[in-house]
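Quick look at work.cif (mmCIF, C-alpha atoms):
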data_coords
#
loop_
_atom_site.group_PDB
_atom_site.id
_atom_site.type_symbol
_atom_site.label_atom_id
_atom_site.label_comp_id
_atom_site.auth_asym_id
_atom_site.auth_seq_id
_atom_site.Cartn_x
_atom_site.Cartn_y
_atom_site.Cartn_z
ATOM 1 C CA MET A 1 195.830 31.729 -237.961
ATOM 2 C CA GLN A 2 197.225 33.206 -234.730
ATOM 3 C CA ASN A 3 193.788 34.566 -233.875
ATOM 4 C CA ALA A 4 192.165 31.160 -234.412
ATOM 5 C CA ILE A 5 194.697 29.499 -232.110
ATOM 6 C CA ALA A 6 194.154 32.140 -229.406
ATOM 7 C CA GLN A 7 190.371 31.689 -229.640
ATOM 8 C CA ALA A 8 190.735 27.917 -229.355
ATOM 9 C CA LYS A 9 192.819 28.309 -226.184
ATOM 10 C CA VAL A 10 190.213 30.587 -224.621
ATOM 11 C CA ALA A 11 187.410 28.186 -225.596
ATOM 12 C CA ALA A 12 189.275 25.217 -224.103
ATOM 13 C CA ALA A 13 189.963 27.104 -220.868
ATOM 14 C CA THR A 14 186.294 28.054 -220.635
ATOM 15 C CA LEU A 15 185.226 24.425 -221.098
ATOM 16 C CA LEU A 16 187.708 23.315 -218.430
ATOM 17 C CA ASP A 17 186.608 26.149 -216.106
ATOM 18 C CA VAL A 18 190.162 27.492 -215.753
ATOM 19 C CA GLU A 19 191.582 30.960 -216.214
ATOM 20 C CA PRO A 20 192.042 31.585 -219.951
ATOM 21 C CA PRO A 21 195.535 32.527 -221.120
ATOM 22 C CA SER A 22 196.269 36.112 -221.998
ATOM 23 C CA THR A 23 195.654 36.678 -225.690
ATOM 24 C CA GLY A 24 198.057 39.613 -225.863
ATOM 25 C CA VAL A 25 197.557 42.753 -227.874
ATOM 26 C CA PRO A 26 195.221 42.327 -230.844
ATOM 27 C CA TRP A 27 196.891 42.770 -234.194
ATOM 28 C CA PHE A 28 195.958 42.682 -237.855
ATOM 29 C CA TRP A 29 198.164 42.544 -240.921
ATOM 30 C CA PRO A 30 196.631 42.718 -244.422
ATOM 31 C CA ASP A 31 198.452 43.454 -247.655
ATOM 32 C CA GLN A 32 196.610 45.802 -250.011
ATOM 33 C CA ALA A 33 198.275 45.701 -253.438
ATOM 34 C CA ASP A 34 201.776 47.105 -252.785
ATOM 35 C CA LEU A 35 200.857 48.434 -249.321
ATOM 36 C CA ARG A 36 201.405 46.472 -246.132
ATOM 37 C CA LEU A 37 199.051 47.669 -243.427
ATOM 38 C CA GLN A 38 200.023 46.518 -239.932
ATOM 39 C CA MET A 39 197.881 47.361 -236.917
ATOM 40 C CA ALA A 40 198.318 46.520 -233.242
ATOM 41 C CA GLY A 41 196.234 47.537 -230.273
ATOM 42 C CA ILE A 42 192.806 49.134 -230.223
ATOM 43 C CA ASN A 43 192.492 52.851 -230.864
ATOM 44 C CA THR A 44 188.940 53.264 -229.562
ATOM 45 C CA GLY A 45 188.675 56.443 -227.515
ATOM 46 C CA TYR A 46 191.949 57.987 -228.636
ATOM 47 C CA ASP A 47 192.424 61.706 -228.062
ATOM 48 C CA GLN A 48 195.762 62.222 -229.833
ATOM 49 C CA VAL A 49 197.462 60.900 -232.956
ATOM 50 C CA VAL A 50 201.183 61.093 -233.662
ATOM 51 C CA LEU A 51 202.053 60.758 -237.325
ATOM 52 C CA ARG A 52 205.522 59.481 -238.244
ATOM 53 C CA GLY A 53 206.376 59.941 -241.897
ATOM 54 C CA GLU A 54 204.316 61.314 -244.779
ATOM 55 C CA PRO A 55 201.179 59.516 -245.974
ATOM 56 C CA ALA A 56 201.877 60.654 -249.552
ATOM 57 C CA SER A 57 205.091 58.600 -249.462
ATOM 58 C CA GLU A 58 203.082 55.454 -248.661
ATOM 59 C CA GLN A 59 205.486 54.772 -245.779
ATOM 60 C CA PHE A 60 204.263 56.114 -242.427
ATOM 61 C CA SER A 61 202.733 55.183 -239.106
ATOM 62 C CA ALA A 62 200.067 56.652 -236.856
ATOM 63 C CA LEU A 63 200.328 56.135 -233.104
ATOM 64 C CA TYR A 64 197.134 56.598 -231.110
ATOM 65 C CA TYR A 65 197.054 57.885 -227.524
ATOM 66 C CA ARG A 66 194.480 58.413 -224.796
ATOM 67 C CA ASP A 67 195.402 60.542 -221.800
ATOM 68 C CA GLY A 68 199.067 60.353 -222.804
ATOM 69 C CA ARG A 69 199.100 56.540 -222.932
ATOM 70 C CA LEU A 70 199.917 54.655 -226.145
ATOM 71 C CA LEU A 71 196.919 52.617 -227.329
ATOM 72 C CA SER A 72 197.752 51.377 -230.816
ATOM 73 C CA ILE A 73 199.569 51.793 -234.097
ATOM 74 C CA ASP A 74 198.537 51.745 -237.735
ATOM 75 C CA ALA A 75 201.633 51.337 -239.910
ATOM 76 C CA VAL A 76 201.757 51.486 -243.712
ATOM 77 C CA ASN A 77 204.967 50.039 -245.125
ATOM 78 C CA ALA A 78 206.638 50.884 -241.793
ATOM 79 C CA PRO A 79 207.414 47.458 -240.299
ATOM 80 C CA HIS A 80 210.079 48.723 -237.891
ATOM 81 C CA ASP A 81 207.629 51.120 -236.245
ATOM 82 C CA TYR A 82 204.993 48.378 -236.081
ATOM 83 C CA ILE A 83 207.309 45.809 -234.492
ATOM 84 C CA ALA A 84 208.595 48.269 -231.880
ATOM 85 C CA VAL A 85 205.146 49.503 -230.860
ATOM 86 C CA ARG A 86 203.702 46.003 -230.765
ATOM 87 C CA LYS A 87 206.487 44.935 -228.387
ATOM 88 C CA LEU A 88 205.824 47.956 -226.178
ATOM 89 C CA LEU A 89 202.088 47.276 -226.119
ATOM 90 C CA ASP A 90 202.660 43.585 -225.339
ATOM 91 C CA THR A 91 204.705 44.559 -222.283
ATOM 92 C CA GLY A 92 202.373 47.330 -221.131
ATOM 93 C CA CYS A 93 204.915 50.043 -221.886
ATOM 94 C CA SER A 94 204.345 53.366 -223.626
ATOM 95 C CA ILE A 95 206.227 56.126 -225.434
ATOM 96 C CA LEU A 96 205.619 59.780 -224.699
ATOM 97 C CA ALA A 97 203.849 61.314 -227.687
ATOM 98 C CA ASP A 98 206.450 64.077 -228.093
ATOM 99 C CA ALA A 99 209.238 61.494 -228.165
ATOM 100 C CA ALA A 100 207.367 59.308 -230.663
ATOM 101 C CA ALA A 101 206.923 62.314 -232.956
ATOM 102 C CA ASP A 102 210.712 62.676 -233.309
ATOM 103 C CA THR A 103 211.383 60.697 -236.487
ATOM 104 C CA SER A 104 215.143 61.068 -236.023
ATOM 105 C CA VAL A 105 214.862 58.440 -233.257
ATOM 106 C CA ALA A 106 213.868 54.887 -234.211
ATOM 107 C CA LEU A 107 211.002 53.554 -232.106
ATOM 108 C CA ARG A 108 213.025 50.429 -231.353
ATOM 109 C CA GLU A 109 215.214 52.631 -229.131
ATOM 110 C CA PHE A 110 212.240 52.989 -226.787
ATOM 111 C CA VAL A 111 211.876 49.211 -226.657
ATOM 112 C CA ARG A 112 215.510 48.895 -225.591
ATOM 113 C CA ALA A 113 215.000 51.557 -222.909
ATOM 114 C CA SER A 114 211.863 49.953 -221.443
#
Exercise: express the given structure as C-alpha cells:
Amino acid sequence: MQNAIAQAKVAAATLLDVEPPSTGVPWFWPDQADLRLQMAGINTGYDQVVLRGEPASEQFSALYYRDGRLLSIDAVNAPHDYIAVRKLLDTGCSILADAAADTSVALREFVRAS
C-alpha cells in the first residue's frame, strides 16, 4: 500500500509539473510461512556483506556495503536490525562494517549516535 501511495504522489507531481516528493528508501516486507523477511535499500553493486546472526537459526540479518557505505539490509526474523538500518538509510547515515559485525552492540545504538 505504501508503495502505491508513493507512486500516486510522483504521478500527481509529474502531471502538475512540480518536483516530486522524495519516496525514501525502498523497502519490502513479505512473510514466508514462519519467516518474516524485511528488506530496505538496494544492494545492487555491493562489494561487502556483514552477517549478523546465524542463518541456521532463522534469525539473522545481512547488511550490504559498497566502498564502505551501507546500501541495504535483508533481515530474517530480525526486526530490530531492520528498523535501525532503515532509519539510518532514510537519513543518509551509515554504520562502519566492522562495527555492524559486532553483534554485542544493538544496531539501534548507531541510530541514537547519528
- Task: Apply the PyMOL selection byres ((chain A and resi 110) around 10) to the structure shown and report the selected residues as a list in words.
- Result: Ala84, Val85, Leu88, Cys93, Ser94, Ile95, Leu96, Ala99, Ala100, Val105, Ala106, Leu107, Arg108, Glu109, Val111, Arg112, Ala113 and Ser114 of chain A
- Message: If I take CA of Gly24 (chain A) and CA of Val76 (chain A), how far is one from the other in Å, to one decimal?
- Response: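 Value for the CA of Gly24 (chain A)-CA of Val76 (chain A) distance: 21.8 Å.
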- Message: For a test of reading the model, state the distance in Å between CA of Pro30 (chain A) and CA of Ala11 (chain A), rounded to one decimal.
- Response: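 Taking CA of Pro30 (chain A) and CA of Ala11 (chain A), their separation equals 25.5 Å.
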- Query: Skipping near chain neighbours, those fewer than 3 positions away, what residues fall within 7 Å of Tyr46 (chain A) using only C-alpha atoms, listed as JSON, numbers by chain?
  - Reply: {"A": [43, 64, 65, 66]}
- Could you spell out the hits of the PyMOL selection byres ((chain A and resi 79) around 12) on the shown file, as JSON, numbers by chain? {"A": [29, 35, 36, 37, 38, 39, 40, 59, 60, 61, 73, 74, 75, 76, 77, 78, 80, 81, 82, 83, 84, 85, 86, 106, 107, 108]}
- Item | Distance in Å - CA of Ala101 (chain A) versus CA of Leu51 (chain A) |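 So the answer is 6.7 Å.
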- Task: Find the residue from A:Leu70, A:Ser104, A:Asp90, A:Lys9 that sits nearest to Trp27 (chain A); use only C-alpha atoms when measuring.
- Result: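 Ranking A:Leu70, A:Ser104, A:Asp90, A:Lys9 by distance to Trp27 (chain A), first place goes to A:Asp90.
Residues lying within 6 Å of Gly41 (chain A), counting only C-alpha atoms and ignoring same-chain neighbours fewer than 2 positions away, are Val25, Pro26, Leu71 and Ser72 of chain A.
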- Message: Using all atoms listed in the file, can you tell me which of A:Asp17, A:Gly68, A:Ser22, A:Gln32 comes closest to Asp98 (chain A)?
- Response: A:Gly68
